[in-house]
Every structure is written in structure tokens, then in C-alpha cells.
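Here's the structure we're looking at; comments come further down.
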Amino acid sequence: MNLSKAEFIISAASPKDFIRDGLPQIVFAGRSNVGKSSVINCLLNRRNFARVGNSPGKTANINYFLIDETVYIVDLPGYGYAKVSEAEKARWGRLMESYFTQSGLITAGVMIVDSRHKPTADDVAMADWFKQAGCPLVVVANKSDKAKKSELDASLELIRNTLDLRDDDVLFSFSAEKKINRDLLVRHIDRLAYGEDTN
Ligand code: GDP
């Protein structure tokens, strides 16, 4: 990605809006407030492109951003916000079910988790969606600027074990705020979207 162009394309509220043009789709998922919008903005070197601080649990749509006219960044609605109504949770579940079961839509998953905490049951379920769809996974342990250095390695180990990551799945610490490991994330997306070597 040279990131010279980033455009918002559509906010998909139902399967009829899903984009099926064959371009790679790199799918971002994470708990509400984990910093998913911040990671996307950091990646794209843009401020407030993906909306930071959206009231948690609102707008359970799938947002598509087209990068360099060659790859989609797909922003899944955040999950795990306690105050969401049962009806909204059910809608989220149906939307995920249709997105993940339509074969060939997802190229790879980028899951954002908190570098300081054990992944939640919702995180585990999300990782399973990607695994069941046979997608490669990059797990970004965000907010590492707030983590104690001495605890980070053990935390990453706990994340890898709790999400039961496969050998080929990638996990690294990250900070959207301090732009830590941004280049590493760009390289992995290049690898997944365009098949480019990360070395
Ligand atoms: P989203 O709901 O997952 O999209 O989360 P947001 O991107 O809106 O971020 C939620 C909150 O976490 C905001 O207050 C961000 O400023 C903060 N945040 C996001 N990433 C980081 C990070 O790497 N470090 C720190 N310290 N705060 C972060």
C-alpha cells in the first residue's frame, strides 16, 4: 500500500450492500473502545477517518474503505458493549453470520485486542469466526504504551493462548497513539492483500 488514496465507500447495513468486486478485503474487528478506529486512522495516516470515540455500540454496520483503489479495509462494528439491546445484538449476529459465511469475501482478519488484558469470551468468539472461515489472522495488541514493559511478553503469551492462535497467525504489540509497530502492520497487510514478502 502506498496509501496515497483512501476513500469511504459504503456503510453496509445488510448483505445486499456487501461489496463483491473481487478486490482483497482486510477485515478489522475488535471490542468497542479497544481502539479499532484509532488503529485504522494510524494505519492510514489520517485523523478521524474512521470515527474515533463513536458512542459504543451504535451503528452496527460494516464500513468499507477503499485504499489505493486496490484493497478494502473493512471495519466491522465493535462488539461486547454491555449496554447494547438484545435486538441490536441479534442484528449484529445476523450481519456477521452472513458476512462470514459468504465464501470468498474475506481475505484476512486483523483483530484488535488490548495488550494489557486477557481476551474476552467475545474476542475468542471473533477469532473463531475468522478461523472457521479459513482466514489468516493478524492480532494487534493495542494500547501497549499503557502496558508495563515487564508484563508485555507474558500478556502476549496469554493472548496467543486464549485466542488459540494457529502457528501462522501473527501477534504483536501496537500503539495507535504512539504509532508503535505501524510499519509492521502495513507490511502484514501488504503481504495478505498483495502477497508481498514481509522480509
Ligand atoms: P474503537 O471503539 O475500538 O473504535 O476505539 P477508539 O479508536 O474510538 O478508541 C477508544 C479510546 O481509546 C479513545 O479514547 C482513544 O484515544 C484510546 N486509544 C486508542 N488507541 C490507543 C493507544 O494505542 N493508546 C492509548 N493510550 N489510548 C488509545
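Naming works like this for the C-alpha cells: A, B, ... for the chains as they're shown, residue 1 at the start of each chain, ligands 1 onward in shown order.
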Selection within 10 Å of ligand 1 by only C-alpha atoms and all ligand atoms, output as a PyMOL selection string:
chain A and resi 28-42+48+50-58+75-79+81+112-115+141-147+173-180
Where does stretch 60-113 of chain A meet stretch 119-135 of chain A within 7 Å, residue by residue, with the nearest atom pair and distance in Å to one decimal for each, counting only C-alpha atoms, listed by chain and rising number, as a Markdown table?
```
| residue | atom | partner | partner_atom | distance |
| --- | --- | --- | --- | --- |
| A:Gly80 | CA | A:Asp122 | CA | 6.3 |
| A:Phe100 | CA | A:Ala133 | CA | 6.5 |
| A:Thr107 | CA | A:Cys135 | CA | 6.5 |
| A:Ala108 | CA | A:Cys135 | CA | 5.1 |
| A:Gly109 | CA | A:Phe130 | CA | 6.5 |
| A:Val113 | CA | A:Pro119 | CA | 6.7 |
```
Store the residues picked out above in a file with N, CA and C atoms, as a PDB file, in the first residue's frame.
```pdb
ATOM      1  N   GLY A  80     -19.288  -6.383  22.169  1.00  0.00           N
ATOM      2  CA  GLY A  80     -19.007  -6.544  23.587  1.00  0.00           C
ATOM      3  C   GLY A  80     -19.403  -5.384  24.473  1.00  0.00           C
ATOM      4  N   PHE A 100     -19.564 -13.577   7.188  1.00  0.00           N
ATOM      5  CA  PHE A 100     -18.542 -14.622   7.314  1.00  0.00           C
ATOM      6  C   PHE A 100     -18.880 -15.892   6.544  1.00  0.00           C
ATOM      7  N   THR A 107     -10.449 -11.680   2.880  1.00  0.00           N
ATOM      8  CA  THR A 107      -9.088 -12.079   2.535  1.00  0.00           C
ATOM      9  C   THR A 107      -8.303 -12.429   3.790  1.00  0.00           C
ATOM     10  N   ALA A 108      -8.424 -11.580   4.814  1.00  0.00           N
ATOM     11  CA  ALA A 108      -7.691 -11.794   6.062  1.00  0.00           C
ATOM     12  C   ALA A 108      -8.329 -10.970   7.161  1.00  0.00           C
ATOM     13  N   GLY A 109      -8.083 -11.392   8.408  1.00  0.00           N
ATOM     14  CA  GLY A 109      -8.619 -10.662   9.546  1.00  0.00           C
ATOM     15  C   GLY A 109      -7.512  -9.933  10.292  1.00  0.00           C
ATOM     16  N   VAL A 113      -6.958  -6.289  19.970  1.00  0.00           N
ATOM     17  CA  VAL A 113      -7.238  -6.628  21.374  1.00  0.00           C
ATOM     18  C   VAL A 113      -6.442  -5.662  22.254  1.00  0.00           C
TER      19      VAL A 113
END
```
How would you write, as a ChimeraX atom specification, the set of residues in stretch 77-167 of chain A that DSSP gives as alpha helix (DSSP H)?
/A:86-101,121-132,149-162
Between atom CA of A:Leu137 and atom CA of A:Asp183 - distance in Å to one decimal:
17.0 Å
DSSP on the backbone: which residues in stretch 37-157 of chain A end up as strand (DSSP E or B)? Give the answer as a VMD selection string.
chain A and resid 62 to 67 71 to 75 79 108 to 114 137 to 142
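The nearest approach to A:Ile67 among the residues A:Pro15, A:Pro24, A:Gly93, A:Gly104, with only C-alpha atoms taken into account, belongs to A:Pro24.
The smallest atom-to-atom distance between A:Thr70 and any of A:Arg116, A:Lys5, A:Arg94, A:Arg47, using only C-alpha atoms, is found for A:Lys5.
Interatomic distance, atom CA of A:Lys149 against atom CA of A:Ile26: 29.6 Å.
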